[in-house]
>>> print(open('data-v7.csv').read())   # CSV, C-alpha atoms
chain,number,residue,atom,x,y,z
I,1,MET,CA,-17.7,-19.0,16.9
I,2,GLU,CA,-17.7,-22.8,16.5
I,3,GLU,CA,-15.0,-25.2,15.6
I,4,ASP,CA,-15.3,-24.4,11.9
I,5,GLU,CA,-14.6,-20.7,11.6
I,6,PHE,CA,-17.4,-19.9,9.2
I,7,PHE,CA,-20.1,-17.3,9.9
I,8,GLY,CA,-23.3,-15.9,8.5
I,9,GLU,CA,-24.2,-12.4,7.4
I,10,LYS,CA,-25.4,-11.2,10.8
I,11,THR,CA,-22.1,-12.2,12.5
I,12,PHE,CA,-20.2,-10.6,9.6
I,13,GLN,CA,-22.2,-7.4,10.1
I,14,HIS,CA,-21.5,-7.4,13.8
I,15,TYR,CA,-17.7,-7.6,13.3
I,16,CYS,CA,-17.9,-5.0,10.6
I,17,ALA,CA,-19.9,-2.6,12.9
I,18,GLU,CA,-17.1,-2.9,15.5
I,19,PHE,CA,-14.5,-2.3,12.8
I,20,ILE,CA,-16.3,0.8,11.4
I,21,LYS,CA,-16.8,2.2,14.9
I,22,HIS,CA,-13.0,2.2,15.4
I,23,SER,CA,-12.4,3.5,11.9
I,24,GLN,CA,-14.7,6.5,12.7
I,25,GLN,CA,-12.8,7.1,15.9
I,26,ILE,CA,-9.4,7.3,14.1
I,27,GLY,CA,-10.8,8.8,10.9
I,28,ASP,CA,-9.1,6.4,8.4
I,29,GLY,CA,-12.0,6.4,6.0
I,30,TRP,CA,-13.7,2.9,6.1
I,31,GLU,CA,-17.4,3.1,5.5
I,32,TRP,CA,-20.3,0.6,5.8
I,33,ARG,CA,-22.6,0.6,2.8
I,34,THR,CA,-25.6,-1.5,2.0
I,35,SER,CA,-26.0,-3.0,-1.5
I,36,LYS,CA,-28.3,-0.2,-2.5
I,37,GLU,CA,-26.1,2.5,-1.1
I,38,ALA,CA,-23.1,1.1,-2.9
I,39,LEU,CA,-24.9,1.4,-6.2
I,40,GLU,CA,-25.9,5.0,-5.5
I,41,LEU,CA,-22.8,6.6,-4.0
I,42,PRO,CA,-19.4,7.3,-5.5
I,43,LEU,CA,-17.0,4.4,-4.6
I,44,ASP,CA,-14.5,5.2,-2.0
I,45,ASP,CA,-15.0,2.6,0.7
I,46,PHE,CA,-11.3,2.7,1.6
I,47,GLU,CA,-8.6,4.1,-0.6
I,48,VAL,CA,-4.9,4.2,-0.2
I,49,THR,CA,-2.3,5.8,-2.4
I,50,GLU,CA,1.1,4.4,-2.7
I,51,THR,CA,4.2,5.6,-4.6
I,52,THR,CA,6.0,3.0,-6.6
I,53,ALA,CA,9.8,2.8,-7.2
I,54,ALA,CA,9.2,4.5,-10.5
I,55,THR,CA,7.5,7.3,-8.6
I,56,GLU,CA,4.1,6.6,-10.2
I,57,VAL,CA,1.3,6.9,-7.6
I,58,ILE,CA,-1.1,4.0,-7.4
I,59,LYS,CA,-4.6,4.4,-5.9
I,60,TYR,CA,-6.1,1.3,-4.2
I,61,GLU,CA,-9.8,0.9,-3.4
I,62,TYR,CA,-10.8,-2.0,-1.1
I,63,HIS,CA,-14.2,-3.6,-0.5
I,64,VAL,CA,-14.9,-6.2,2.2
I,65,LEU,CA,-17.9,-8.4,1.4
I,66,HIS,CA,-19.4,-11.5,2.9
I,67,SER,CA,-19.1,-14.6,0.8
I,68,CYS,CA,-22.4,-16.5,1.1
I,69,SER,CA,-20.7,-19.6,-0.5
I,70,TYR,CA,-17.7,-19.7,1.8
I,71,GLN,CA,-19.3,-18.0,4.8
I,72,VAL,CA,-16.3,-15.8,5.4
I,73,PRO,CA,-15.2,-12.3,4.4
I,74,VAL,CA,-13.7,-11.7,1.0
I,75,LEU,CA,-11.5,-8.8,-0.1
I,76,TYR,CA,-12.3,-7.1,-3.4
I,77,PHE,CA,-9.9,-4.4,-4.6
I,78,ARG,CA,-8.9,-2.4,-7.6
I,79,ALA,CA,-5.9,-0.3,-8.3
I,80,SER,CA,-5.1,2.4,-10.8
I,81,PHE,CA,-2.6,5.1,-11.6
I,82,LEU,CA,-3.7,8.6,-10.8
I,83,ASP,CA,-4.5,9.2,-14.5
I,84,GLY,CA,-7.1,6.4,-14.2
I,85,ARG,CA,-5.2,3.6,-16.0
I,86,PRO,CA,-6.1,0.4,-14.2
I,87,LEU,CA,-3.3,-2.0,-13.1
I,88,THR,CA,-3.3,-5.4,-14.7
I,89,LEU,CA,-3.2,-8.7,-12.9
I,90,THR,CA,0.5,-8.9,-13.8
I,91,ASP,CA,1.0,-5.4,-12.3
I,92,ILE,CA,-0.7,-6.6,-9.1
I,93,TRP,CA,1.6,-9.6,-8.9
I,94,GLU,CA,4.7,-7.5,-9.5
I,95,GLY,CA,3.6,-5.2,-6.7
I,96,ILE,CA,3.3,-8.0,-4.1
I,97,HIS,CA,6.0,-7.9,-1.5
I,98,GLU,CA,8.7,-10.6,-1.9
I,99,CYS,CA,7.8,-12.1,1.5
I,100,TYR,CA,4.4,-13.2,0.2
I,101,LYS,CA,5.2,-14.0,-3.4
I,102,MET,CA,6.7,-17.4,-3.1
I,103,ARG,CA,3.8,-18.8,-1.1
I,104,LEU,CA,1.2,-17.2,-3.3
I,105,GLN,CA,2.8,-18.2,-6.6
I,106,GLN,CA,2.4,-21.8,-5.7
I,107,GLY,CA,-1.2,-21.3,-6.9
I,108,PRO,CA,-1.5,-17.6,-8.0
I,109,TRP,CA,-4.7,-18.0,-10.0
I,110,ASP,CA,-6.3,-19.6,-6.9
I,111,THR,CA,-5.3,-16.7,-4.7
I,112,ILE,CA,-5.7,-13.4,-6.6
I,113,THR,CA,-8.0,-13.3,-9.6
I,114,GLN,CA,-9.9,-10.6,-11.4
I,115,GLN,CA,-13.7,-11.0,-11.6
I,116,GLU,CA,-16.9,-9.0,-11.6
I,117,HIS,CA,-17.8,-7.3,-8.3
I,118,PRO,CA,-21.0,-9.0,-7.2
I,119,ILE,CA,-22.8,-5.8,-6.3
I,120,LEU,CA,-21.2,-3.2,-8.6
I,121,GLY,CA,-20.8,-5.4,-11.7
I,122,GLN,CA,-17.4,-3.9,-12.4
I,123,PRO,CA,-14.0,-5.6,-12.7
I,124,PHE,CA,-12.2,-6.0,-9.4
I,125,PHE,CA,-9.3,-8.1,-8.2
I,126,VAL,CA,-10.3,-10.5,-5.4
I,127,LEU,CA,-8.4,-12.4,-2.8
I,128,HIS,CA,-10.1,-15.8,-3.1
I,129,PRO,CA,-11.8,-16.8,0.2
I,130,CYS,CA,-11.3,-20.6,-0.2
I,131,LYS,CA,-8.4,-20.8,2.4
I,132,THR,CA,-9.8,-18.2,4.8
I,133,SER,CA,-11.2,-20.7,7.3
I,134,GLU,CA,-8.0,-22.8,7.1
I,135,PHE,CA,-5.8,-19.9,8.3
I,136,MET,CA,-8.3,-18.2,10.6
I,137,THR,CA,-9.3,-21.4,12.6
I,138,PRO,CA,-6.0,-21.7,14.4
I,139,LEU,CA,-5.8,-18.0,15.2
I,140,LEU,CA,-9.3,-18.0,16.6
I,141,LYS,CA,-8.9,-21.2,18.6
I,142,ASN,CA,-5.7,-19.8,20.1
I,143,SER,CA,-7.3,-16.5,21.1
I,144,ARG,CA,-10.1,-18.5,22.8
I,145,LYS,CA,-7.6,-20.6,24.6
I,146,ILE,CA,-5.9,-17.6,26.1
I,147,ASN,CA,-9.3,-15.9,26.6
I,148,ARG,CA,-8.5,-13.0,24.3
I,149,ASN,CA,-11.3,-11.2,22.5
I,150,VAL,CA,-10.6,-10.7,18.7
I,151,ASN,CA,-12.5,-9.1,15.9
I,152,TYR,CA,-12.6,-11.5,13.0
I,153,ILE,CA,-12.6,-8.8,10.4
I,154,THR,CA,-9.7,-7.0,12.0
I,155,SER,CA,-7.7,-10.2,12.4
I,156,TRP,CA,-8.5,-11.4,8.9
I,157,LEU,CA,-7.6,-8.0,7.3
I,158,SER,CA,-4.4,-7.9,9.2
I,159,ILE,CA,-3.4,-11.2,7.6
I,160,VAL,CA,-4.7,-10.7,4.0
I,161,GLY,CA,-4.5,-7.0,3.6
I,162,PRO,CA,-0.7,-6.6,3.6
I,163,VAL,CA,-0.5,-8.9,0.6
I,164,VAL,CA,-2.2,-6.3,-1.5
I,165,GLY,CA,-0.9,-3.1,0.1
I,166,LEU,CA,-3.5,-2.7,2.9
I,167,ASN,CA,-2.0,-2.3,6.3
I,168,LEU,CA,-4.2,-1.6,9.3
I,169,PRO,CA,-3.1,0.8,12.0
I,170,LEU,CA,-2.1,-1.0,15.2
I,171,SER,CA,-4.9,0.8,17.0
I,172,TYR,CA,-7.4,-1.7,15.6
I,173,ALA,CA,-5.7,-4.5,17.6
I,174,ARG,CA,-5.6,-2.4,20.7
I,175,ALA,CA,-9.3,-1.4,20.3
I,176,THR,CA,-10.3,-5.0,20.2
I,177,SER,CA,-8.3,-5.9,23.3
I,178,GLN,CA,-9.7,-2.9,25.2
I,179,ASP,CA,-13.2,-4.2,24.5
I,180,GLU,CA,-12.5,-7.3,26.7
>>> encode(input="data-v7.csv", output="structure tokens")
Amino acid sequence: MEEDEFFGEKTFQHYCAEFIKHSQQIGDGWEWRTSKEALELPLDDFEVTETTAATEVIKYEYHVLHSCSYQVPVLYFRASFLDGRPLTLTDIWEGIHECYKMRLQQGPWDTITQQEHPILGQPFFVLHPCKTSEFMTPLLKNSRKINRNVNYITSWLSIVGPVVGLNLPLSYARATSQDE
């Protein structure tokens, strides 16, 4: 990738294919779907259940899409209780770990918002992609400097995912370094 860490749809698809290949090897449930398939199949691209302090189980569903406007990946997600009640934006903010809250709350409406999923037309939360290049550029420059192969999607999800309860297994990082 070039100095500015933006990329087109083909590069996005390449990184996603590598990511999906490892997901299939470890069986953690990520899937690749085209726009048409996403509309025809039940949605379960990647789901995680989490038990809250009040012992209510929350189900998260995550979708990674390519932002044509920002030329970077964008994370769409929704969360609901097992009885189907969706979490509100306030609930989402309350669930963010303290180590992320202060930084995010400097501009919370610029970071996590609720909007229509561009393919499904349903309400989803989204981690806004406007700062993605800003935090990915140093990471990718440094990896090139030390001649280390990284998968953009894996690195990016490792940074943004934990903010909203998505933690990738360490094997994703090891898989990328083994590909060198």
>>> closest_residue(input="data-v7.csv", among="I:Trp32, I:Gly27, I:His66, I:Leu87", to="Lys10 in chain I", atoms="all atoms listed in the file")
I:His66
>>> atom_distance(input="data-v7.csv", atom1="CA of Phe12 in chain I", atom2="CA of Leu120 in chain I")
19.7 Å
>>> atom_distance(input="data-v7.csv", atom1="CA of Leu65 in chain I", atom2="CA of Phe135 in chain I")
18.1 Å
>>> residues_around(input="data-v7.csv", residues="Glu18 in chain I", least_positions_apart="2", cutoff="10 Å", atoms="only C-alpha atoms", output="PyMOL selection string")
chain I and resi 13-16+20-23+151+153-154+172+175-176+179
>>> closest_residue(input="data-v7.csv", among="I:Asp83, I:Glu9, I:Glu94, I:Asp28", to="Glu56 in chain I", atoms="all atoms listed in the file")
I:Asp83
>>> residues_around(input="data-v7.csv", residues="Tyr70 in chain I", least_positions_apart="3", cutoff="12 Å", atoms="all atoms listed in the file", output="PDB file with C-alpha atoms, in the coordinates of the input")
ATOM      1  CA  ASP I   4     -15.300 -24.400  11.900  1.00  0.00           C
ATOM      2  CA  GLU I   5     -14.600 -20.700  11.600  1.00  0.00           C
ATOM      3  CA  PHE I   6     -17.400 -19.900   9.200  1.00  0.00           C
ATOM      4  CA  PHE I   7     -20.100 -17.300   9.900  1.00  0.00           C
ATOM      5  CA  GLY I   8     -23.300 -15.900   8.500  1.00  0.00           C
ATOM      6  CA  GLU I   9     -24.200 -12.400   7.400  1.00  0.00           C
ATOM      7  CA  LEU I  65     -17.900  -8.400   1.400  1.00  0.00           C
ATOM      8  CA  HIS I  66     -19.400 -11.500   2.900  1.00  0.00           C
ATOM      9  CA  SER I  67     -19.100 -14.600   0.800  1.00  0.00           C
ATOM     10  CA  PRO I  73     -15.200 -12.300   4.400  1.00  0.00           C
ATOM     11  CA  VAL I  74     -13.700 -11.700   1.000  1.00  0.00           C
ATOM     12  CA  HIS I 128     -10.100 -15.800  -3.100  1.00  0.00           C
ATOM     13  CA  PRO I 129     -11.800 -16.800   0.200  1.00  0.00           C
ATOM     14  CA  CYS I 130     -11.300 -20.600  -0.200  1.00  0.00           C
ATOM     15  CA  LYS I 131      -8.400 -20.800   2.400  1.00  0.00           C
ATOM     16  CA  THR I 132      -9.800 -18.200   4.800  1.00  0.00           C
ATOM     17  CA  SER I 133     -11.200 -20.700   7.300  1.00  0.00           C
ATOM     18  CA  GLU I 134      -8.000 -22.800   7.100  1.00  0.00           C
TER      19      GLU I 134
END
>>> atom_distance(input="data-v7.csv", atom1="CA of Tyr100 in chain I", atom2="CA of Pro86 in chain I")
22.4 Å
>>> residues_near_point(input="data-v7.csv", point="(-8.9, -10.1, 7.5)", cutoff="10 Å", atoms="all atoms listed in the file", output="PyMOL selection string")
chain I and resi 64+72-75+132+136+151-162+168
>>> closest_residue(input="data-v7.csv", among="I:Val163, I:Ala17, I:Leu170, I:Ala79", to="Met102 in chain I", atoms="all atoms listed in the file")
I:Val163
>>> residues_around(input="data-v7.csv", residues="Pro118 in chain I", least_positions_apart="3", cutoff="10 Å", atoms="only C-alpha atoms", output="number ranges by chain")
I: 35, 65, 67, 76, 115, 121-124
>>> build_atoms(input="data-v7.csv", residues="range 128-150 of chain I", atoms="N, CA and C atoms", output="tab-separated table (two decimals), keeping the file's coordinate frame")
chain	number	residue	atom	x	y	z
I	128	HIS	N	-9.14	-14.70	-3.19
I	128	HIS	CA	-10.10	-15.80	-3.10
I	128	HIS	C	-10.27	-16.28	-1.68
I	129	PRO	N	-11.52	-16.49	-1.23
I	129	PRO	CA	-11.80	-16.80	0.20
I	129	PRO	C	-11.66	-18.34	0.50
I	130	CYS	N	-11.24	-19.17	-0.43
I	130	CYS	CA	-11.30	-20.60	-0.20
I	130	CYS	C	-10.39	-21.09	0.96
I	131	LYS	N	-9.33	-20.39	1.28
I	131	LYS	CA	-8.40	-20.80	2.40
I	131	LYS	C	-8.61	-20.01	3.64
I	132	THR	N	-9.57	-19.09	3.65
I	132	THR	CA	-9.80	-18.20	4.80
I	132	THR	C	-10.00	-18.99	6.08
I	133	SER	N	-10.92	-19.92	6.06
I	133	SER	CA	-11.20	-20.70	7.30
I	133	SER	C	-9.98	-21.47	7.74
I	134	GLU	N	-9.22	-21.97	6.79
I	134	GLU	CA	-8.00	-22.80	7.10
I	134	GLU	C	-7.00	-21.96	7.90
I	135	PHE	N	-6.78	-20.69	7.55
I	135	PHE	CA	-5.80	-19.90	8.30
I	135	PHE	C	-6.39	-19.16	9.49
I	136	MET	N	-7.71	-18.94	9.48
I	136	MET	CA	-8.30	-18.20	10.60
I	136	MET	C	-8.64	-19.16	11.78
I	137	THR	N	-8.92	-20.42	11.51
I	137	THR	CA	-9.30	-21.40	12.60
I	137	THR	C	-8.23	-21.43	13.67
I	138	PRO	N	-6.95	-21.66	13.35
I	138	PRO	CA	-6.00	-21.70	14.40
I	138	PRO	C	-5.84	-20.41	15.21
I	139	LEU	N	-5.92	-19.29	14.52
I	139	LEU	CA	-5.80	-18.00	15.20
I	139	LEU	C	-6.97	-17.82	16.18
I	140	LEU	N	-8.19	-18.14	15.77
I	140	LEU	CA	-9.30	-18.00	16.60
I	140	LEU	C	-9.36	-18.97	17.78
I	141	LYS	N	-8.94	-20.19	17.50
I	141	LYS	CA	-8.90	-21.20	18.60
I	141	LYS	C	-7.86	-20.77	19.62
I	142	ASN	N	-6.71	-20.28	19.19
I	142	ASN	CA	-5.70	-19.80	20.10
I	142	ASN	C	-6.17	-18.64	20.95
I	143	SER	N	-6.86	-17.71	20.32
I	143	SER	CA	-7.30	-16.50	21.10
I	143	SER	C	-8.36	-16.97	22.11
I	144	ARG	N	-9.19	-17.97	21.80
I	144	ARG	CA	-10.10	-18.50	22.80
I	144	ARG	C	-9.39	-19.18	23.93
I	145	LYS	N	-8.34	-19.90	23.57
I	145	LYS	CA	-7.60	-20.60	24.60
I	145	LYS	C	-6.96	-19.70	25.60
I	146	ILE	N	-6.49	-18.55	25.15
I	146	ILE	CA	-5.90	-17.60	26.10
I	146	ILE	C	-6.91	-16.53	26.54
I	147	ASN	N	-8.16	-16.77	26.22
I	147	ASN	CA	-9.30	-15.90	26.60
I	147	ASN	C	-9.08	-14.46	26.16
I	148	ARG	N	-8.73	-14.32	24.89
I	148	ARG	CA	-8.50	-13.00	24.30
I	148	ARG	C	-9.63	-12.73	23.27
I	149	ASN	N	-10.25	-11.58	23.39
I	149	ASN	CA	-11.30	-11.20	22.50
I	149	ASN	C	-10.63	-10.69	21.15
I	150	VAL	N	-11.11	-11.18	20.01
I	150	VAL	CA	-10.60	-10.70	18.70
I	150	VAL	C	-11.78	-10.35	17.82
